[in-house]
Each structure stands twice: as C-alpha cells, then as structure tokens.
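Peer 1: See protein17.pdb below, with PDB, C-alpha atoms.
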```
ATOM      1  CA  MET A 163      30.874 128.024 168.091
ATOM      2  CA  ALA A 164      33.677 125.472 168.113
ATOM      3  CA  ALA A 165      31.196 122.702 168.851
ATOM      4  CA  GLU A 166      29.039 123.747 165.906
ATOM      5  CA  VAL A 167      32.020 123.765 163.538
ATOM      6  CA  LYS A 168      33.000 120.324 164.798
ATOM      7  CA  ARG A 169      29.503 118.979 164.180
ATOM      8  CA  THR A 170      29.540 120.450 160.663
ATOM      9  CA  ILE A 171      32.879 118.798 159.886
ATOM     10  CA  LEU A 172      31.622 115.464 161.205
ATOM     11  CA  LEU A 173      28.468 115.774 159.101
ATOM     12  CA  TYR A 174      30.452 116.408 155.902
ATOM     13  CA  LYS A 175      32.740 113.516 156.765
ATOM     14  CA  GLU A 176      29.792 111.161 157.160
ATOM     15  CA  LEU A 177      28.306 112.340 153.867
ATOM     16  CA  LEU A 178      31.644 111.819 152.121
ATOM     17  CA  MET A 179      32.087 108.338 153.541
ATOM     18  CA  SER A 180      28.564 107.352 152.565
ATOM     19  CA  ALA A 181      29.194 108.625 149.022
ATOM     20  CA  VAL A 182      32.246 106.392 148.501
ATOM     21  CA  PRO A 183      30.309 103.074 148.602
ATOM     22  CA  ALA A 184      27.650 104.603 146.362
ATOM     23  CA  ARG A 185      30.257 105.567 143.772
ATOM     24  CA  ARG A 186      31.725 102.080 143.953
ATOM     25  CA  MET A 187      28.305 100.531 143.458
ATOM     26  CA  ILE A 188      27.646 102.693 140.408
ATOM     27  CA  ALA A 189      31.114 101.928 139.023
ATOM     28  CA  VAL A 190      30.561  98.176 139.342
ATOM     29  CA  MET A 191      27.074  98.345 137.819
ATOM     30  CA  VAL A 192      28.427 100.256 134.826
ATOM     31  CA  LEU A 193      31.681  98.324 134.454
ATOM     32  CA  VAL A 194      30.130  94.842 134.320
ATOM     33  CA  PRO A 195      27.894  95.561 131.275
ATOM     34  CA  VAL A 196      30.829  97.282 129.552
ATOM     35  CA  VAL A 197      33.049  94.219 130.028
ATOM     36  CA  VAL A 198      30.265  91.894 128.863
ATOM     37  CA  ALA A 199      29.646  94.060 125.796
ATOM     38  CA  LEU A 200      33.358  94.016 124.988
ATOM     39  CA  ALA A 201      33.534  90.229 125.395
ATOM     40  CA  LEU A 202      30.475  89.684 123.194
ATOM     41  CA  TRP A 203      31.913  91.996 120.553
ATOM     42  CA  ALA A 204      35.281  90.232 120.604
ATOM     43  CA  PHE A 205      33.919  86.674 120.558
ATOM     44  CA  ALA A 206      30.493  86.839 118.907
ATOM     45  CA  TRP A 207      31.045  89.427 116.183
ATOM     46  CA  PRO A 208      33.851  87.578 114.320
ATOM     47  CA  ALA A 209      31.959  84.274 114.649
ATOM     48  CA  ALA A 210      28.764  85.812 113.294
ATOM     49  CA  ARG A 211      30.564  87.358 110.305
ATOM     50  CA  THR A 212      32.543  84.291 109.199
ATOM     51  CA  ALA A 213      32.967  84.335 105.411
ATOM     52  CA  PRO A 214      35.844  84.090 102.903
ATOM     53  CA  ARG A 215      37.729  87.343 102.344
ATOM     54  CA  ASP A 216      40.578  87.191  99.809
ATOM     55  CA  LEU A 217      41.016  83.512 100.619
ATOM     56  CA  PRO A 218      44.032  82.281  98.608
ATOM     57  CA  ILE A 219      43.077  79.477  96.191
ATOM     58  CA  GLY A 220      44.862  78.090  93.145
ATOM     59  CA  VAL A 221      43.645  77.055  89.699
ATOM     60  CA  ALA A 222      45.508  74.880  87.199
ATOM     61  CA  GLY A 223      44.881  73.188  83.861
ATOM     62  CA  PRO A 224      44.267  74.149  80.226
ATOM     63  CA  ALA A 225      44.033  77.904  79.592
ATOM     64  CA  ALA A 226      40.363  77.918  78.598
ATOM     65  CA  ALA A 227      39.310  75.810  81.599
ATOM     66  CA  VAL A 228      41.428  77.867  84.006
ATOM     67  CA  THR A 229      39.914  81.103  82.723
ATOM     68  CA  GLN A 230      36.407  79.729  83.229
ATOM     69  CA  MET A 231      37.202  78.501  86.746
ATOM     70  CA  LYS A 232      38.829  81.797  87.651
ATOM     71  CA  GLN A 233      35.829  83.778  86.424
ATOM     72  CA  GLY A 234      33.489  81.527  88.393
ATOM     73  CA  LEU A 235      35.449  82.022  91.605
ATOM     74  CA  GLU A 236      35.791  85.765  91.080
ATOM     75  CA  GLN A 237      32.017  86.125  90.761
ATOM     76  CA  ARG A 238      31.976  86.088  94.562
ATOM     77  CA  GLU A 239      33.582  89.518  94.753
ATOM     78  CA  GLY A 240      36.284  89.766  97.383
ATOM     79  CA  ALA A 241      35.869  86.155  98.520
ATOM     80  CA  PHE A 242      38.850  84.530  96.805
ATOM     81  CA  GLU A 243      42.361  85.537  95.837
ATOM     82  CA  VAL A 244      42.998  83.342  92.793
ATOM     83  CA  HIS A 245      46.537  82.126  91.972
ATOM     84  CA  ARG A 246      47.196  80.499  88.609
ATOM     85  CA  TYR A 247      49.519  77.487  88.234
ATOM     86  CA  ASP A 248      50.785  75.599  85.210
ATOM     87  CA  ASP A 249      49.791  72.107  86.286
ATOM     88  CA  GLU A 250      48.556  69.937  89.135
ATOM     89  CA  ALA A 251      52.052  69.360  90.533
ATOM     90  CA  ALA A 252      52.656  73.103  90.911
ATOM     91  CA  ALA A 253      49.229  73.608  92.463
ATOM     92  CA  ARG A 254      49.793  70.749  94.903
ATOM     93  CA  ALA A 255      53.166  72.211  95.903
ATOM     94  CA  ALA A 256      51.506  75.578  96.593
ATOM     95  CA  VAL A 257      48.946  73.921  98.879
ATOM     96  CA  GLU A 258      51.643  71.959 100.709
ATOM     97  CA  ASP A 259      53.746  75.130 101.131
ATOM     98  CA  ARG A 260      50.721  76.962 102.597
ATOM     99  CA  VAL A 261      50.697  79.549  99.804
ATOM    100  CA  VAL A 262      47.050  78.694  99.059
ATOM    101  CA  TYR A 263      44.397  76.821 101.051
ATOM    102  CA  GLY A 264      43.396  74.657  98.111
ATOM    103  CA  ALA A 265      43.499  74.379  94.341
ATOM    104  CA  VAL A 266      41.087  73.514  91.537
ATOM    105  CA  VAL A 267      42.627  71.446  88.759
ATOM    106  CA  ALA A 268      40.920  70.951  85.390
ATOM    107  CA  GLY A 269      41.873  67.895  83.354
ATOM    108  CA  PRO A 270      40.591  65.364  80.845
ATOM    109  CA  GLU A 271      39.112  63.289  83.672
ATOM    110  CA  GLY A 272      37.120  66.206  85.049
ATOM    111  CA  THR A 273      37.602  68.669  87.888
ATOM    112  CA  LYS A 274      39.819  67.857  90.830
ATOM    113  CA  LEU A 275      39.941  69.827  94.081
ATOM    114  CA  LEU A 276      43.048  69.762  96.244
ATOM    115  CA  THR A 277      42.358  70.724  99.859
ATOM    116  CA  ALA A 278      44.337  70.821 103.103
ATOM    117  CA  SER A 279      42.188  70.146 106.150
ATOM    118  CA  GLY A 280      45.315  70.572 108.266
ATOM    119  CA  ALA A 281      45.210  74.270 107.380
ATOM    120  CA  GLY A 282      41.604  74.449 108.544
ATOM    121  CA  PRO A 283      38.769  71.955 108.063
ATOM    122  CA  VAL A 284      36.242  74.799 107.826
ATOM    123  CA  VAL A 285      38.119  76.204 104.830
ATOM    124  CA  ALA A 286      38.404  72.771 103.207
ATOM    125  CA  GLN A 287      34.638  72.267 103.477
ATOM    126  CA  LEU A 288      33.950  75.787 102.192
ATOM    127  CA  LEU A 289      36.120  75.200  99.116
ATOM    128  CA  LYS A 290      34.432  71.887  98.439
ATOM    129  CA  GLU A 291      31.006  73.528  98.523
ATOM    130  CA  ALA A 292      32.102  76.471  96.355
ATOM    131  CA  VAL A 293      33.762  74.332  93.667
ATOM    132  CA  THR A 294      30.948  71.770  93.608
ATOM    133  CA  ALA A 295      28.369  74.548  93.228
ATOM    134  CA  GLN A 296      30.007  75.941  90.083
ATOM    135  CA  ALA A 297      30.721  72.543  88.508
ATOM    136  CA  PRO A 298      28.493  71.510  85.556
ATOM    137  CA  ALA A 299      25.300  69.696  86.479
ATOM    138  CA  GLY A 300      25.954  66.025  87.121
ATOM    139  CA  ALA A 301      29.726  66.437  87.098
ATOM    140  CA  GLN A 302      31.664  64.849  89.935
ATOM    141  CA  VAL A 303      34.407  66.794  91.685
ATOM    142  CA  GLN A 304      37.229  64.566  92.883
ATOM    143  CA  VAL A 305      38.504  65.846  96.243
ATOM    144  CA  THR A 306      42.023  65.056  97.462
ATOM    145  CA  ASP A 307      43.207  66.133 100.896
ATOM    146  CA  VAL A 308      46.963  66.748 100.572
ATOM    147  CA  ALA A 309      47.445  67.638 104.241
ATOM    148  CA  PRO A 310      44.830  65.641 106.168
ATOM    149  CA  LEU A 311      44.086  65.824 109.855
ATOM    150  CA  PRO A 312      45.007  62.805 111.988
ATOM    151  CA  SER A 313      42.449  60.156 112.865
ATOM    152  CA  GLY A 314      42.620  61.301 116.488
ATOM    153  CA  ASP A 315      41.178  64.706 115.517
ATOM    154  CA  PRO A 316      39.387  64.327 112.150
ATOM    155  CA  ARG A 317      37.428  67.581 112.561
ATOM    156  CA  GLY A 318      40.309  69.664 113.906
ATOM    157  CA  THR A 319      38.392  70.609 117.029
ATOM    158  CA  ALA A 320      41.163  69.690 119.468
ATOM    159  CA  LEU A 321      43.706  72.015 117.875
ATOM    160  CA  ALA A 322      41.159  74.838 117.694
ATOM    161  CA  ALA A 323      40.255  74.308 121.346
ATOM    162  CA  SER A 324      43.911  74.549 122.403
ATOM    163  CA  ALA A 325      44.210  78.274 121.614
ATOM    164  CA  LEU A 326      42.423  79.470 124.753
ATOM    165  CA  PRO A 327      44.187  77.152 127.256
ATOM    166  CA  LEU A 328      47.581  78.117 125.849
ATOM    167  CA  ALA A 329      46.755  81.824 126.093
ATOM    168  CA  LEU A 330      45.521  81.330 129.664
ATOM    169  CA  ALA A 331      48.663  79.381 130.520
ATOM    170  CA  GLY A 332      50.826  82.231 129.292
ATOM    171  CA  VAL A 333      48.822  84.852 131.187
ATOM    172  CA  ALA A 334      48.912  82.709 134.340
ATOM    173  CA  ALA A 335      52.680  82.270 134.053
ATOM    174  CA  GLY A 336      53.243  86.000 133.733
ATOM    175  CA  ALA A 337      50.848  86.801 136.576
ATOM    176  CA  LEU A 338      52.281  84.166 138.946
ATOM    177  CA  VAL A 339      55.844  85.321 138.324
ATOM    178  CA  THR A 340      54.792  88.861 139.187
ATOM    179  CA  MET A 341      52.744  87.906 142.254
ATOM    180  CA  ALA A 342      55.579  85.696 143.518
ATOM    181  CA  GLY A 343      57.783  88.776 143.661
ATOM    182  CA  LEU A 344      60.261  87.514 141.058
ATOM    183  CA  ARG A 345      62.040  90.262 139.182
ATOM    184  CA  GLY A 346      64.696  90.684 136.537
ATOM    185  CA  ALA A 347      66.724  87.652 135.466
ATOM    186  CA  ARG A 348      64.953  85.366 137.964
ATOM    187  CA  ALA A 349      61.580  86.257 136.494
ATOM    188  CA  ALA A 350      62.820  85.765 132.931
ATOM    189  CA  ALA A 351      64.364  82.369 133.731
ATOM    190  CA  THR A 352      61.198  81.245 135.523
ATOM    191  CA  LEU A 353      59.009  82.266 132.603
ATOM    192  CA  LEU A 354      61.174  80.416 130.094
ATOM    193  CA  GLY A 355      61.401  77.327 132.277
ATOM    194  CA  ALA A 356      57.652  77.225 132.874
ATOM    195  CA  SER A 357      56.948  77.713 129.153
ATOM    196  CA  VAL A 358      59.244  74.852 128.160
ATOM    197  CA  LEU A 359      57.637  72.524 130.694
ATOM    198  CA  VAL A 360      54.154  73.509 129.484
ATOM    199  CA  GLY A 361      55.206  72.862 125.896
ATOM    200  CA  ILE A 362      56.567  69.406 126.718
ATOM    201  CA  THR A 363      53.509  68.523 128.799
ATOM    202  CA  ALA A 364      51.087  69.762 126.134
ATOM    203  CA  THR A 365      52.895  67.821 123.418
ATOM    204  CA  ALA A 366      52.850  64.663 125.501
ATOM    205  CA  ILE A 367      49.083  65.038 125.854
ATOM    206  CA  THR A 368      48.144  66.154 122.329
ATOM    207  CA  HIS A 369      50.674  64.135 120.324
ATOM    208  CA  SER A 370      51.579  61.064 122.351
ATOM    209  CA  TRP A 371      48.277  60.455 124.145
ATOM    210  CA  LEU A 372      45.433  61.955 122.124
ATOM    211  CA  GLY A 373      47.097  61.710 118.715
ATOM    212  CA  VAL A 374      45.745  65.053 117.502
ATOM    213  CA  LEU A 375      49.150  66.250 116.252
ATOM    214  CA  GLN A 376      51.288  64.316 113.784
ATOM    215  CA  GLY A 377      54.412  66.374 113.115
ATOM    216  CA  ASP A 378      57.881  66.243 114.633
ATOM    217  CA  TRP A 379      57.458  65.818 118.401
ATOM    218  CA  TRP A 380      60.152  68.268 119.446
ATOM    219  CA  ALA A 381      59.156  70.852 116.848
ATOM    220  CA  GLU A 382      55.623  70.756 118.248
ATOM    221  CA  ALA A 383      56.969  71.078 121.794
ATOM    222  CA  ALA A 384      59.027  74.103 120.750
ATOM    223  CA  ALA A 385      56.023  75.706 119.037
ATOM    224  CA  LEU A 386      53.806  75.166 122.065
ATOM    225  CA  SER A 387      56.501  76.471 124.412
ATOM    226  CA  LEU A 388      56.914  79.658 122.392
ATOM    227  CA  THR A 389      53.119  80.063 122.177
ATOM    228  CA  VAL A 390      53.037  80.137 125.995
ATOM    229  CA  ALA A 391      56.240  82.151 126.444
ATOM    230  CA  ALA A 392      55.089  85.057 124.255
ATOM    231  CA  PRO A 393      51.940  85.990 126.244
ATOM    232  CA  GLY A 394      53.658  85.092 129.527
ATOM    233  CA  ALA A 395      56.560  87.434 128.868
ATOM    234  CA  THR A 396      54.156  90.125 127.659
ATOM    235  CA  VAL A 397      52.065  90.007 130.839
ATOM    236  CA  ALA A 398      55.135  89.955 133.085
ATOM    237  CA  GLY A 399      56.683  92.775 131.046
ATOM    238  CA  PHE A 400      53.584  94.951 131.367
ATOM    239  CA  ALA A 401      53.538  94.256 135.104
ATOM    240  CA  ALA A 402      57.229  95.140 135.436
ATOM    241  CA  LEU A 403      56.636  98.484 133.738
ATOM    242  CA  LEU A 404      53.124  99.378 134.929
ATOM    243  CA  GLY A 405      52.711  97.434 138.159
ATOM    244  CA  THR A 406      49.718  95.219 138.925
ATOM    245  CA  PRO A 407      47.452  96.896 136.310
ATOM    246  CA  GLY A 408      49.843  95.528 133.696
ATOM    247  CA  ILE A 409      48.561  92.020 134.425
ATOM    248  CA  GLY A 410      45.027  93.076 133.545
ATOM    249  CA  LEU A 411      46.216  94.833 130.394
ATOM    250  CA  GLY A 412      48.139  91.763 129.262
ATOM    251  CA  ALA A 413      45.202  89.444 129.985
ATOM    252  CA  LEU A 414      42.856  91.749 128.062
ATOM    253  CA  LEU A 415      45.158  91.775 125.048
ATOM    254  CA  MET A 416      45.943  88.057 125.001
ATOM    255  CA  VAL A 417      42.632  86.480 126.039
ATOM    256  CA  LEU A 418      39.835  88.930 125.281
ATOM    257  CA  ILE A 419      41.321  90.159 121.990
ATOM    258  CA  GLY A 420      43.963  87.665 120.926
ATOM    259  CA  ASN A 421      41.939  84.477 121.360
ATOM    260  CA  PRO A 422      38.765  85.330 119.386
ATOM    261  CA  PHE A 423      40.865  87.104 116.735
ATOM    262  CA  SER A 424      43.212  84.120 116.350
ATOM    263  CA  GLY A 425      41.243  82.321 113.638
ATOM    264  CA  ALA A 426      42.206  79.011 115.254
ATOM    265  CA  ALA A 427      38.700  77.592 114.806
ATOM    266  CA  SER A 428      38.470  78.604 111.135
ATOM    267  CA  ALA A 429      41.105  80.717 109.360
ATOM    268  CA  PRO A 430      42.245  84.356 109.522
ATOM    269  CA  GLU A 431      40.816  84.968 106.033
ATOM    270  CA  LEU A 432      37.332  83.987 107.241
ATOM    271  CA  LEU A 433      37.221  86.691 109.923
ATOM    272  CA  PRO A 434      36.019  90.269 109.354
ATOM    273  CA  GLU A 435      38.686  92.727 108.256
ATOM    274  CA  PRO A 436      40.995  93.715 109.864
ATOM    275  CA  VAL A 437      40.375  91.159 112.636
ATOM    276  CA  GLY A 438      42.089  88.313 110.788
ATOM    277  CA  ALA A 439      45.284  90.287 110.205
ATOM    278  CA  VAL A 440      45.342  91.732 113.725
ATOM    279  CA  GLY A 441      44.887  88.261 115.187
ATOM    280  CA  GLN A 442      47.994  87.008 113.379
ATOM    281  CA  TRP A 443      50.038  89.816 114.951
ATOM    282  CA  LEU A 444      49.100  88.592 118.438
ATOM    283  CA  PRO A 445      50.532  85.453 120.113
ATOM    284  CA  PRO A 446      47.349  83.293 120.133
ATOM    285  CA  GLY A 447      46.821  83.656 116.384
ATOM    286  CA  ALA A 448      50.494  83.322 115.517
ATOM    287  CA  GLY A 449      50.744  80.312 117.830
ATOM    288  CA  ALA A 450      47.830  78.510 116.166
ATOM    289  CA  THR A 451      49.301  79.121 112.708
ATOM    290  CA  LEU A 452      52.747  77.964 113.819
ATOM    291  CA  LEU A 453      51.331  74.810 115.380
ATOM    292  CA  ARG A 454      49.438  73.929 112.183
ATOM    293  CA  SER A 455      52.622  74.401 110.172
ATOM    294  CA  VAL A 456      54.783  72.117 112.313
ATOM    295  CA  ALA A 457      52.036  69.554 112.973
ATOM    296  CA  TYR A 458      50.681  69.059 109.439
ATOM    297  CA  PHE A 459      53.027  70.761 106.928
ATOM    298  CA  ASP A 460      56.536  69.806 108.111
ATOM    299  CA  GLY A 461      57.204  73.398 109.171
ATOM    300  CA  ARG A 462      56.302  75.033 105.855
ATOM    301  CA  GLY A 463      54.713  78.436 106.351
ATOM    302  CA  ALA A 464      56.143  78.745 109.871
ATOM    303  CA  ALA A 465      58.471  81.722 109.330
ATOM    304  CA  ALA A 466      55.973  84.565 109.836
ATOM    305  CA  PRO A 467      54.261  83.228 113.008
ATOM    306  CA  LEU A 468      57.639  82.195 114.427
ATOM    307  CA  LEU A 469      58.929  85.742 113.972
ATOM    308  CA  THR A 470      55.775  87.232 115.531
ATOM    309  CA  LEU A 471      55.974  85.049 118.633
ATOM    310  CA  SER A 472      59.719  85.630 118.995
ATOM    311  CA  VAL A 473      59.272  89.412 118.884
ATOM    312  CA  TRP A 474      56.545  89.362 121.547
ATOM    313  CA  ALA A 475      58.604  87.055 123.780
ATOM    314  CA  ALA A 476      61.786  89.100 123.317
ATOM    315  CA  LEU A 477      60.113  92.450 123.996
ATOM    316  CA  GLY A 478      58.377  91.048 127.066
ATOM    317  CA  LEU A 479      61.607  89.628 128.487
ATOM    318  CA  VAL A 480      63.425  92.910 127.826
ATOM    319  CA  ALA A 481      60.696  94.720 129.784
ATOM    320  CA  VAL A 482      61.021  92.185 132.623
ATOM    321  CA  LEU A 483      64.786  92.655 132.768
ATOM    322  CA  ALA A 484      64.462  96.430 132.551
ATOM    323  CA  GLY A 485      61.914  96.456 135.372
ATOM    324  CA  GLY A 486      64.219  94.364 137.541
ATOM    325  CA  ARG A 487      67.174  96.658 136.849
ATOM    326  CA  ARG A 488      65.070  99.694 137.702
ATOM    327  CA  ARG A 489      64.390  98.144 141.097
ATOM    328  CA  GLY A 490      68.040  97.233 141.530
ATOM    329  CA  ILE A 491      67.499  93.469 141.260
TER     330      ILE A 491
END
```
Starting from the file, give its structure as structure tokens.

Peer 2:
Amino acid sequence: MAAEVKRTILLYKELLMSAVPARRMIAVMVLVPVVVALALWAFAWPAARTAPRDLPIGVAGPAAAVTQMKQGLEQREGAFEVHRYDDEAAARAAVEDRVVYGAVVAGPEGTKLLTASGAGPVVAQLLKEAVTAQAPAGAQVQVTDVAPLPSGDPRGTALAASALPLALAGVAAGALVTMAGLRGARAAATLLGASVLVGITATAITHSWLGVLQGDWWAEAAALSLTVAAPGATVAGFAALLGTPGIGLGALLMVLIGNPFSGAASAPELLPEPVGAVGQWLPPGAGATLLRSVAYFDGRGAAAPLLTLSVWAALGLVAVLAGGRRRGI
C-alpha cells in the first residue's frame, strides 16, 4: 500500500513538473504578441494620425483682412487655435515667445507668413501649405522663418532623433544604479553625476561637433542633463520601492509610452488627443520641448517643461532616498 501511494505521489509530481514548462511556453507565446501590439499602438498609431489639433497660430493686419484669414483657418474645424494680434511686430513677438507656432500677416504688400522651424519643421511646412492654399489665385505668400534651424540640421531630424537615446540613457542610468547595489544617497549622487556627464557629452557632440544646436552651450547641457536625470531617477525610484520589477515599469513608461508620445519629431498638437498632452507630462516630451526652447528661442517657453522634468527628477530621488532609508543605508 505504501509503495502504491509513493508511486502515485511521484506520478503527480512528474505531471506537475511537466506542466510548468508548458505554462511558461504558453505565457511567452501570449506575452510576445501583446508587447508587440502595445509597441505598434504606441509608435504607429500617433504617427498614422498626425494632423493639426488646436494648433496655435496668429493673425495680424487690417480688421477686414484678419477676419477673412481667421474664417479661412477656422474652416478646418478643430485644426487651428487662432490668436489675433494688432500688427506684425506683436505677431512676431508671439512666435518668438513660443505662444504660437506661426502667424499670418496681411499688409499692403500682400500676405506674409511668419514661421519658426526651430519649434518644429513639420509644423512650419504645414502652415506654409495651409496659408498658401487659402491665398488668392496667383498671390505670392512671403515666408519668413523667425527661429530657423541651424545649417547643421536644416530639417530638424537630429534633434528629433535625440529623444529616444536620451530616454534610453536615463533608463540605463537608473537600471545600472540599481543593479550595482547602490542605495540611498549614493544612488542619488551617482544618478546626478551620470546625468551631468551625459549632458556635457551630448552637448559637446550635438552643439560643438555636429552643429545641430545653436543656443547657449551650458543651458543646453543643463537641459540635456535634466532630460536624462528625470527618467533615470524615476526608474531608480520605482526599483527602490518595488524591487527589480520597478525597472521594467520605468522603462515601459519612459521608452514605450514617453518616447512616441513626446512629439519630438513633429509637435504635441499634431498627435491624437490626449496623446500630445500626456507626452508633455512625461520626461521625453518635456525634454524635447525644453531643448527646443534653449537651443532656438533663448529659453523662451522653457518654464513648463523645466517644471515637469524637475518634478519627475525630484520625486524619483525622494523615492531613491526613501528606499535607502528603509533598508538602513
């Protein structure tokens, strides 16, 4: 009887052990398509639905001409958020202050379009096409770029391409600090030091070597450092509170969500709602906006993204310090 019971137990044990690999196989087969579907949704959906949505644009000139221009722009329902200005100087100031992406000015010499390719070359081209399309037949639209891109990056592709590497650098910094066993104040100091060095290195490459940035060198270095510090502190903070799974959660938030929602390749107002707004609340989007402000607009329009990045960095560092204190470090 005892032998029979023993054989029965061994049989159930073998069945259980054989079921574990099967469950793992099924889990992997299901998980991979889910991750791919999520990645395609995050990256492909916003790109496939790129269109202006309440894109801020100014109009200026005589009352009758301004009314006509405003009506023409508002025919594309929901595409533009029209701001009215008294004259060209006021409209130009609004573009330079990043209140609007561009402005249409009516005058005795015809229609003039003020753009800012530094705020996004895709938007500048879109405005040019929209204003030219509604201009009278045969009329020439004079286009003036008040915040041009540098000759080293005339299409703005280098700045747009920097969003993903900076997000990855931040995630890597947070993950490496955690995997190296650094906790508390040591982890926080390491994260800040690594972020500053990344910012200086990135500025040396993009500004001094490639010439794709043209603002104040140290302001750009600070912006790049903070753009790396925010996701790095977030990942390390999640790991300090949740353990190793926190690294995956931080990477998911910063890379899989934050990067495609950043609007770095176009503009937040060209992404589907509420993707554009959400992207600006996350470090990759805020970092891209901050970098544009310091590189092409002398820091104008930098307050909101600077605050966003600072909050993420501060909360992440607080979590890192709290996790270290909880472990007595």

Peer 1: To one decimal place, how far is atom CA of Glu271 of chain A from atom CA of Ala226 of chain A in Å?

Peer 2: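 Computing it gives 15.5 Å between the two atoms.
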
Peer 1: Any chance you could tabulate, as JSON lines, the residues of segment 340-371 of chain A at most 12 Å from segment 454-460 of chain A with each one's nearest atom pair and distance in Å to one decimal, using all atoms listed in the file, in chain and rising number order?

Peer 2:
```
{"residue": "A:Thr365", "atom": "CA", "partner": "A:Ala457", "partner_atom": "CA", "distance": 10.6}
{"residue": "A:Thr368", "atom": "CA", "partner": "A:Ala457", "partner_atom": "CA", "distance": 10.7}
{"residue": "A:His369", "atom": "CA", "partner": "A:Ala457", "partner_atom": "CA", "distance": 9.2}
```

Peer 1: Only C-alpha atoms, please: the residues just picked out, written as a CSV table (one decimal), in the frame of the given file.

Peer 2:
```csv
chain,number,residue,atom,x,y,z
A,365,THR,CA,52.9,67.8,123.4
A,368,THR,CA,48.1,66.2,122.3
A,369,HIS,CA,50.7,64.1,120.3
```

Peer 1: Considering only C-alpha atoms, return as a PyMOL selection string whatever protein or nucleic-acid residues lie within 7 Å of Arg246 of chain A, sequence-local ones (same chain, fewer than 3 positions apart) excluded.

Peer 2: chain A and resi 220-222

Peer 1: With the file shown as input, list the residues that the PyMOL selection byres ((chain A and resi 201) around 12) selects, as number ranges by chain.

Peer 2: A: 194-200, 202-208, 414-415, 417-423

Peer 1: When the PyMOL selection byres ((chain A and resi 276-282) around 7) is applied to the structure above, which residues does it catch, written out as JSON, numbers by chain?

Peer 2: {"A": [254, 257, 263, 264, 265, 266, 274, 275, 283, 284, 285, 286, 305, 306, 307, 308, 309, 310, 311, 428, 429, 454, 458]}

Peer 1: Using Å and a single decimal, report how far atom CA of Pro436 of chain A sits from atom CA of His245 of chain A.

Peer 2: 22.0 Å
